[in-house]
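Structure file model31.txt with compact mmCIF, N, CA and C atoms and all ligand atoms:
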```
# COMPACT_ATOMS: atom_id res chain seq x y z
N MET A 262 0.84 -1.21 0.00
CA MET A 262 0.00 0.00 0.00
C MET A 262 0.87 1.25 0.00
N ALA A 263 0.49 2.28 -0.77
CA ALA A 263 1.30 3.51 -0.85
C ALA A 263 1.24 4.29 0.46
N GLU A 264 2.40 4.84 0.85
CA GLU A 264 2.46 5.67 2.06
C GLU A 264 1.93 7.07 1.74
N ALA A 265 1.33 7.73 2.73
CA ALA A 265 0.85 9.10 2.53
C ALA A 265 2.04 10.04 2.31
N PHE A 266 3.14 9.80 3.05
CA PHE A 266 4.33 10.65 2.92
C PHE A 266 5.53 9.77 2.58
N ASP A 267 6.22 10.13 1.52
CA ASP A 267 7.43 9.40 1.15
C ASP A 267 8.62 10.20 1.65
N GLU A 268 9.33 9.66 2.66
CA GLU A 268 10.44 10.41 3.25
C GLU A 268 11.76 10.12 2.56
N SER A 269 11.73 9.28 1.52
CA SER A 269 12.97 8.94 0.85
C SER A 269 13.56 10.18 0.17
N PRO A 270 14.90 10.42 0.33
CA PRO A 270 15.52 11.56 -0.35
C PRO A 270 15.76 11.29 -1.83
N VAL A 271 15.42 10.09 -2.30
CA VAL A 271 15.61 9.75 -3.71
C VAL A 271 14.28 9.86 -4.44
N PRO A 272 14.23 10.71 -5.50
CA PRO A 272 12.96 10.85 -6.22
C PRO A 272 12.55 9.53 -6.86
N ALA A 273 11.27 9.44 -7.22
CA ALA A 273 10.70 8.19 -7.75
C ALA A 273 11.42 7.72 -9.00
N ASP A 274 11.95 8.67 -9.80
CA ASP A 274 12.58 8.26 -11.06
C ASP A 274 14.00 7.73 -10.86
N GLY A 275 14.47 7.64 -9.61
CA GLY A 275 15.76 7.03 -9.32
C GLY A 275 16.93 7.99 -9.32
N ARG A 276 16.74 9.21 -9.84
CA ARG A 276 17.85 10.19 -9.81
C ARG A 276 18.09 10.65 -8.39
N PRO A 277 19.35 10.89 -8.00
CA PRO A 277 19.60 11.36 -6.63
C PRO A 277 19.09 12.79 -6.45
N MET A 278 18.63 13.08 -5.24
CA MET A 278 18.16 14.43 -4.92
C MET A 278 19.39 15.33 -4.77
N PRO A 279 19.43 16.48 -5.45
CA PRO A 279 20.57 17.40 -5.26
C PRO A 279 20.74 17.74 -3.78
N SER A 280 21.98 17.70 -3.30
CA SER A 280 22.21 17.88 -1.85
C SER A 280 21.77 19.27 -1.38
N GLU A 281 21.82 20.26 -2.30
CA GLU A 281 21.39 21.60 -1.88
C GLU A 281 19.90 21.61 -1.53
N ILE A 282 19.11 20.81 -2.25
CA ILE A 282 17.67 20.73 -1.93
C ILE A 282 17.50 20.15 -0.53
N LEU A 283 18.30 19.13 -0.20
CA LEU A 283 18.19 18.53 1.13
C LEU A 283 18.57 19.55 2.20
N ASP A 284 19.63 20.34 1.94
CA ASP A 284 20.01 21.40 2.90
C ASP A 284 18.88 22.41 3.05
N LEU A 285 18.33 22.83 1.90
CA LEU A 285 17.24 23.82 1.95
C LEU A 285 16.03 23.27 2.69
N ARG A 286 15.78 21.96 2.55
CA ARG A 286 14.64 21.37 3.27
C ARG A 286 14.85 21.43 4.79
N GLY A 287 16.13 21.40 5.21
CA GLY A 287 16.40 21.56 6.65
C GLY A 287 15.97 22.95 7.11
N THR A 288 16.29 23.96 6.29
CA THR A 288 15.87 25.33 6.60
C THR A 288 14.35 25.44 6.58
N ILE A 289 13.73 24.84 5.56
CA ILE A 289 12.26 24.89 5.44
C ILE A 289 11.62 24.22 6.66
N ASP A 290 12.19 23.09 7.09
CA ASP A 290 11.67 22.40 8.29
C ASP A 290 11.69 23.33 9.50
N ASN A 291 12.82 24.03 9.68
CA ASN A 291 12.95 24.94 10.84
C ASN A 291 11.93 26.07 10.75
N ILE A 292 11.78 26.64 9.56
CA ILE A 292 10.85 27.76 9.40
C ILE A 292 9.41 27.29 9.61
N ASP A 293 9.06 26.12 9.06
CA ASP A 293 7.69 25.61 9.25
C ASP A 293 7.40 25.37 10.73
N ALA A 294 8.39 24.84 11.45
CA ALA A 294 8.20 24.60 12.89
C ALA A 294 8.03 25.94 13.62
N ALA A 295 8.84 26.94 13.25
CA ALA A 295 8.74 28.26 13.88
C ALA A 295 7.37 28.87 13.61
N LEU A 296 6.87 28.72 12.37
CA LEU A 296 5.55 29.27 12.03
C LEU A 296 4.46 28.63 12.89
N VAL A 297 4.56 27.32 13.09
CA VAL A 297 3.55 26.64 13.91
C VAL A 297 3.60 27.17 15.35
N HIS A 298 4.84 27.33 15.88
CA HIS A 298 4.96 27.86 17.25
C HIS A 298 4.44 29.29 17.34
N LEU A 299 4.75 30.10 16.33
CA LEU A 299 4.29 31.49 16.33
C LEU A 299 2.77 31.56 16.25
N LEU A 300 2.18 30.71 15.40
CA LEU A 300 0.72 30.71 15.28
C LEU A 300 0.07 30.26 16.59
N ALA A 301 0.68 29.27 17.24
CA ALA A 301 0.13 28.80 18.53
C ALA A 301 0.13 29.95 19.54
N GLU A 302 1.23 30.71 19.59
CA GLU A 302 1.32 31.87 20.51
C GLU A 302 0.28 32.92 20.14
N ARG A 303 0.14 33.16 18.82
CA ARG A 303 -0.82 34.18 18.37
C ARG A 303 -2.24 33.76 18.76
N PHE A 304 -2.58 32.48 18.56
CA PHE A 304 -3.94 32.04 18.90
C PHE A 304 -4.16 32.04 20.41
N ARG A 305 -3.08 31.82 21.19
CA ARG A 305 -3.25 31.93 22.65
C ARG A 305 -3.64 33.36 23.02
N ALA A 306 -2.98 34.34 22.38
CA ALA A 306 -3.27 35.75 22.67
C ALA A 306 -4.68 36.11 22.18
N THR A 307 -5.04 35.67 20.97
CA THR A 307 -6.35 36.06 20.44
C THR A 307 -7.49 35.36 21.21
N GLN A 308 -7.19 34.17 21.75
CA GLN A 308 -8.20 33.49 22.57
C GLN A 308 -8.59 34.37 23.76
N ARG A 309 -7.56 34.94 24.39
CA ARG A 309 -7.80 35.81 25.55
C ARG A 309 -8.52 37.09 25.12
N VAL A 310 -8.11 37.65 23.95
CA VAL A 310 -8.80 38.83 23.43
C VAL A 310 -10.27 38.49 23.21
N GLY A 311 -10.56 37.30 22.68
CA GLY A 311 -11.94 36.88 22.44
C GLY A 311 -12.73 36.82 23.74
N GLU A 312 -12.11 36.32 24.82
CA GLU A 312 -12.81 36.27 26.11
C GLU A 312 -13.08 37.68 26.63
N LEU A 313 -12.08 38.56 26.51
CA LEU A 313 -12.26 39.94 26.99
C LEU A 313 -13.32 40.66 26.17
N LYS A 314 -13.34 40.43 24.86
CA LYS A 314 -14.37 41.06 24.03
C LYS A 314 -15.74 40.54 24.42
N ALA A 315 -15.86 39.23 24.65
CA ALA A 315 -17.16 38.64 25.00
C ALA A 315 -17.66 39.20 26.33
N THR A 316 -16.77 39.31 27.31
CA THR A 316 -17.21 39.79 28.63
C THR A 316 -17.46 41.30 28.62
N SER A 317 -16.85 42.01 27.65
CA SER A 317 -17.07 43.47 27.55
C SER A 317 -18.16 43.82 26.56
N GLY A 318 -18.76 42.83 25.93
CA GLY A 318 -19.81 43.08 24.94
C GLY A 318 -19.30 43.69 23.65
N MET A 319 -18.01 43.46 23.36
CA MET A 319 -17.45 44.00 22.10
C MET A 319 -17.65 43.00 20.96
N PRO A 320 -17.83 43.48 19.72
CA PRO A 320 -18.01 42.55 18.59
C PRO A 320 -16.71 41.81 18.27
N PRO A 321 -16.80 40.62 17.69
CA PRO A 321 -15.60 39.83 17.37
C PRO A 321 -14.63 40.57 16.44
N ALA A 322 -15.15 41.20 15.38
CA ALA A 322 -14.27 41.85 14.40
C ALA A 322 -14.06 43.32 14.73
N ASP A 323 -12.88 43.83 14.38
CA ASP A 323 -12.56 45.24 14.55
C ASP A 323 -12.01 45.73 13.20
N PRO A 324 -12.89 46.21 12.30
CA PRO A 324 -12.46 46.58 10.95
C PRO A 324 -11.40 47.69 10.93
N THR A 325 -11.43 48.60 11.90
CA THR A 325 -10.42 49.67 11.94
C THR A 325 -9.03 49.08 12.20
N ARG A 326 -8.97 48.21 13.19
CA ARG A 326 -7.72 47.51 13.50
C ARG A 326 -7.25 46.69 12.29
N ASP A 327 -8.21 46.03 11.63
CA ASP A 327 -7.86 45.21 10.46
C ASP A 327 -7.22 46.06 9.37
N ARG A 328 -7.85 47.22 9.08
CA ARG A 328 -7.31 48.09 8.02
C ARG A 328 -5.89 48.55 8.36
N GLN A 329 -5.70 48.98 9.63
CA GLN A 329 -4.38 49.47 10.05
C GLN A 329 -3.33 48.36 9.94
N GLN A 330 -3.72 47.17 10.41
CA GLN A 330 -2.77 46.06 10.45
C GLN A 330 -2.43 45.59 9.03
N ILE A 331 -3.43 45.59 8.15
CA ILE A 331 -3.17 45.16 6.76
C ILE A 331 -2.21 46.14 6.07
N GLU A 332 -2.44 47.45 6.26
CA GLU A 332 -1.53 48.44 5.67
C GLU A 332 -0.12 48.26 6.21
N ARG A 333 -0.03 48.08 7.52
CA ARG A 333 1.28 47.90 8.16
C ARG A 333 1.99 46.65 7.61
N LEU A 334 1.26 45.53 7.53
CA LEU A 334 1.88 44.28 7.08
C LEU A 334 2.24 44.32 5.61
N LYS A 335 1.43 45.03 4.80
CA LYS A 335 1.74 45.13 3.38
C LYS A 335 3.02 45.94 3.17
N ALA A 336 3.20 46.98 3.97
CA ALA A 336 4.43 47.78 3.87
C ALA A 336 5.64 46.94 4.30
N ILE A 337 5.47 46.18 5.37
CA ILE A 337 6.57 45.31 5.83
C ILE A 337 6.89 44.27 4.76
N ALA A 338 5.83 43.69 4.16
CA ALA A 338 6.03 42.66 3.13
C ALA A 338 6.79 43.24 1.95
N SER A 339 6.39 44.44 1.49
CA SER A 339 7.08 45.06 0.35
C SER A 339 8.57 45.23 0.64
N GLY A 340 8.86 45.72 1.85
CA GLY A 340 10.26 45.93 2.25
C GLY A 340 11.04 44.63 2.35
N ALA A 341 10.33 43.55 2.64
CA ALA A 341 10.99 42.26 2.85
C ALA A 341 11.06 41.43 1.57
N GLY A 342 10.49 41.96 0.47
CA GLY A 342 10.52 41.20 -0.78
C GLY A 342 9.44 40.14 -0.86
N LEU A 343 8.39 40.29 -0.06
CA LEU A 343 7.26 39.35 -0.11
C LEU A 343 6.08 40.04 -0.78
N ASP A 344 5.34 39.31 -1.59
CA ASP A 344 4.18 39.88 -2.28
C ASP A 344 3.18 40.41 -1.24
N PRO A 345 2.91 41.74 -1.24
CA PRO A 345 2.00 42.32 -0.24
C PRO A 345 0.60 41.73 -0.29
N GLU A 346 0.14 41.35 -1.51
CA GLU A 346 -1.19 40.74 -1.63
C GLU A 346 -1.21 39.39 -0.92
N PHE A 347 -0.10 38.67 -1.03
CA PHE A 347 -0.01 37.38 -0.32
C PHE A 347 -0.06 37.60 1.18
N ALA A 348 0.69 38.63 1.65
CA ALA A 348 0.70 38.93 3.09
C ALA A 348 -0.71 39.24 3.58
N GLU A 349 -1.45 40.02 2.78
CA GLU A 349 -2.82 40.37 3.17
C GLU A 349 -3.71 39.12 3.22
N GLN A 350 -3.60 38.28 2.19
CA GLN A 350 -4.43 37.06 2.16
C GLN A 350 -4.08 36.11 3.30
N PHE A 351 -2.79 36.03 3.61
CA PHE A 351 -2.34 35.15 4.70
C PHE A 351 -2.93 35.63 6.02
N ARG A 352 -2.86 36.97 6.24
CA ARG A 352 -3.45 37.50 7.48
C ARG A 352 -4.97 37.28 7.50
N ASN A 353 -5.63 37.53 6.37
CA ASN A 353 -7.09 37.32 6.32
C ASN A 353 -7.45 35.88 6.66
N PHE A 354 -6.65 34.95 6.18
CA PHE A 354 -6.90 33.53 6.44
C PHE A 354 -6.83 33.25 7.95
N ILE A 355 -5.80 33.82 8.59
CA ILE A 355 -5.63 33.59 10.04
C ILE A 355 -6.76 34.29 10.80
N VAL A 356 -7.03 35.55 10.43
CA VAL A 356 -8.02 36.33 11.19
C VAL A 356 -9.44 35.75 11.02
N SER A 357 -9.73 35.16 9.87
CA SER A 357 -11.07 34.55 9.72
C SER A 357 -11.23 33.41 10.73
N GLU A 358 -10.17 32.70 11.00
CA GLU A 358 -10.22 31.63 12.01
C GLU A 358 -10.35 32.25 13.41
N VAL A 359 -9.63 33.35 13.66
CA VAL A 359 -9.72 34.04 14.95
C VAL A 359 -11.17 34.49 15.20
N ILE A 360 -11.78 35.06 14.17
CA ILE A 360 -13.16 35.57 14.33
C ILE A 360 -14.12 34.41 14.60
N ARG A 361 -13.88 33.28 13.95
CA ARG A 361 -14.71 32.09 14.22
C ARG A 361 -14.57 31.71 15.71
N HIS A 362 -13.34 31.76 16.23
CA HIS A 362 -13.13 31.46 17.66
C HIS A 362 -13.84 32.49 18.53
N HIS A 363 -13.67 33.79 18.17
CA HIS A 363 -14.31 34.87 18.95
C HIS A 363 -15.83 34.66 19.01
N GLU A 364 -16.40 34.30 17.85
CA GLU A 364 -17.87 34.10 17.80
C GLU A 364 -18.29 32.94 18.68
N ARG A 365 -17.50 31.87 18.68
CA ARG A 365 -17.84 30.71 19.52
C ARG A 365 -17.75 31.09 21.00
N ILE A 366 -16.69 31.84 21.35
CA ILE A 366 -16.52 32.26 22.74
C ILE A 366 -17.70 33.15 23.16
N ALA A 367 -18.09 34.09 22.28
CA ALA A 367 -19.21 35.00 22.60
C ALA A 367 -20.50 34.21 22.78
N ALA A 368 -20.73 33.21 21.91
CA ALA A 368 -21.95 32.40 22.02
C ALA A 368 -21.94 31.61 23.33
N GLU A 369 -20.80 31.04 23.68
CA GLU A 369 -20.71 30.27 24.93
C GLU A 369 -20.90 31.20 26.13
N HIS A 370 -20.32 32.39 26.03
CA HIS A 370 -20.47 33.37 27.11
C HIS A 370 -21.95 33.75 27.27
N ALA A 371 -22.62 34.01 26.13
CA ALA A 371 -24.04 34.41 26.17
C ALA A 371 -24.90 33.30 26.76
N ALA A 372 -24.49 32.05 26.50
CA ALA A 372 -25.26 30.92 27.01
C ALA A 372 -24.86 30.57 28.45
N GLY A 373 -23.91 31.34 29.01
CA GLY A 373 -23.46 31.10 30.38
C GLY A 373 -22.67 29.82 30.54
N ARG A 374 -22.06 29.38 29.42
CA ARG A 374 -21.35 28.11 29.45
C ARG A 374 -19.85 28.24 29.69
N ARG A 375 -19.34 29.46 29.84
CA ARG A 375 -17.89 29.59 30.08
C ARG A 375 -17.64 29.75 31.57
N ALA A 376 -16.71 28.93 32.08
CA ALA A 376 -16.43 28.87 33.51
C ALA A 376 -16.16 30.25 34.10
N GLY A 377 -16.82 30.56 35.20
CA GLY A 377 -16.59 31.83 35.90
C GLY A 377 -17.11 33.04 35.17
N GLU A 378 -17.87 32.82 34.11
CA GLU A 378 -18.33 33.95 33.32
C GLU A 378 -19.84 33.89 33.11
N ALA A 379 -20.56 33.35 34.10
CA ALA A 379 -22.02 33.25 33.97
C ALA A 379 -22.61 34.65 33.91
N PRO A 380 -23.56 34.89 32.97
CA PRO A 380 -24.15 36.23 32.88
C PRO A 380 -24.95 36.55 34.14
N THR A 381 -25.03 37.84 34.47
CA THR A 381 -25.79 38.28 35.64
C THR A 381 -27.26 37.94 35.45
N LEU A 382 -27.89 37.44 36.50
CA LEU A 382 -29.32 37.12 36.41
C LEU A 382 -30.13 38.40 36.28
N ASP A 383 -31.02 38.44 35.28
CA ASP A 383 -31.88 39.60 35.10
C ASP A 383 -33.22 39.29 35.78
N THR A 384 -33.37 39.71 37.03
CA THR A 384 -34.56 39.35 37.80
C THR A 384 -35.77 40.19 37.43
N TYR A 385 -35.60 41.22 36.59
CA TYR A 385 -36.72 42.09 36.23
C TYR A 385 -37.36 41.75 34.91
N SER A 386 -36.83 40.75 34.21
CA SER A 386 -37.43 40.44 32.90
C SER A 386 -38.46 39.33 33.01
O1 LIG B 401 -7.20 42.87 17.98
C1 LIG B 401 -8.35 42.42 18.04
O2 LIG B 401 -9.32 43.11 18.35
C2 LIG B 401 -8.58 41.00 17.73
O3 LIG B 401 -9.68 40.50 17.94
C3 LIG B 401 -7.49 40.26 17.03
C4 LIG B 401 -7.63 40.33 15.52
C5 LIG B 401 -6.39 39.60 14.94
O4 LIG B 401 -6.38 38.36 14.98
O5 LIG B 401 -5.45 40.28 14.53
C6 LIG B 401 -8.86 39.58 15.11
C7 LIG B 401 -10.03 40.18 14.76
C8 LIG B 401 -10.17 41.63 14.63
O6 LIG B 401 -10.90 41.97 13.50
C9 LIG B 401 -8.86 42.32 14.69
C10 LIG B 401 -7.69 41.71 15.05
```
Would you kindly transcribe this structure into C-alpha cells?
Amino acid sequence: MAEAFDESPVPADGRPMPSEILDLRGTIDNIDAALVHLLAERFRATQRVGELKATSGMPPADPTRDRQQIERLKAIASGAGLDPEFAEQFRNFIVSEVIRHHERIAAEHAAGRRAGEAPTLDTYS
C-alpha cells in the first residue's frame, strides 16, 4: 500500500536528490516549525482577546484595527521582498479563524457556558 508521505531523499525516477535541496529542506523544516509555534502563541493571545471582548460586549471583528494592520503588514512585506497581496491574504486567512473562535466564545459566554463567566441574572425580565 502507498504511504501518505514518502520520506525517501531519492525521487521516484531514481535520480539522486541534489544535496542543496536537502540542505534547503532543513531550513524549510525549521521555518515551518517556527511558524507553527508562532501561530500557537498568536492564537493563545487572540483566545484571551476573544474572552475579553465577549465579557465586555465587544463585537468579534474590529475593521479599523484590520485596516491598520493590513496596511502595516503590506508595507513590511514590500520591504521584505514578499508579495504584499499574499501577506494580506495570509493575514485574512488567520483572522477569519480568529473571528470564528471569537464568535464561539461569545456564544458560549451568552449561554453562560464559560467557567466563571455566567451572565448576571436579570430578575426584572
Ligand atoms: O485585535 C483584536 O481586536 C482582535 O480580535 C485580534 C484580531 C487579529 O487576529 O489580529 C482579530 C479580529 C479583529 O478583526 C482584529 C484583530
Compute the set of protein, DNA and RNA residues whose minimum atom distance to ligand LIG 401 (chain B) is at most 5 Å, using all atoms listed in the file, and state it as a VMD selection string.
chain A and resid 321 to 324 327 356
For the atom pair atom CA of A:Ala315 and atom N of A:Glu369, what is the interatomic distance in Å to one decimal place?
8.5 Å
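Each of A:Gly311, A:Ser280, A:Arg286, A:Ile331 was compared to A:Val359 using all atoms listed in the file, and A:Gly311 turns out to be the nearest.
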Could you give me the residues within chain A that DSSP places in alpha helix (DSSP H), as a PyMOL selection string?
chain A and resi 280-317+324-341+345-371
The centre and edge lengths of an axis-aligned box containing all atoms of stretch 335-352 of chain A present in the file, extended by 4 Å on each side, are to be given in Å to one decimal, as JSON.
```
{"center_x": 3.0, "center_y": 41.5, "center_z": 2.6, "size_x": 24.0, "size_y": 20.6, "size_z": 17.8}
```
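The gap separating atom C of A:Asp290 from atom C of A:Asp274 is 25.8 Å, in Å to one decimal.
Ranking A:Thr316, A:Leu283, A:Leu334, A:Arg303 by their shortest atom-to-atom distance to A:Ala371, with all atoms listed in the file included, puts A:Thr316 first.
Coordinates place atom CA of A:Ala368 at a distance of 13.2 Å from atom CA of A:Leu313.
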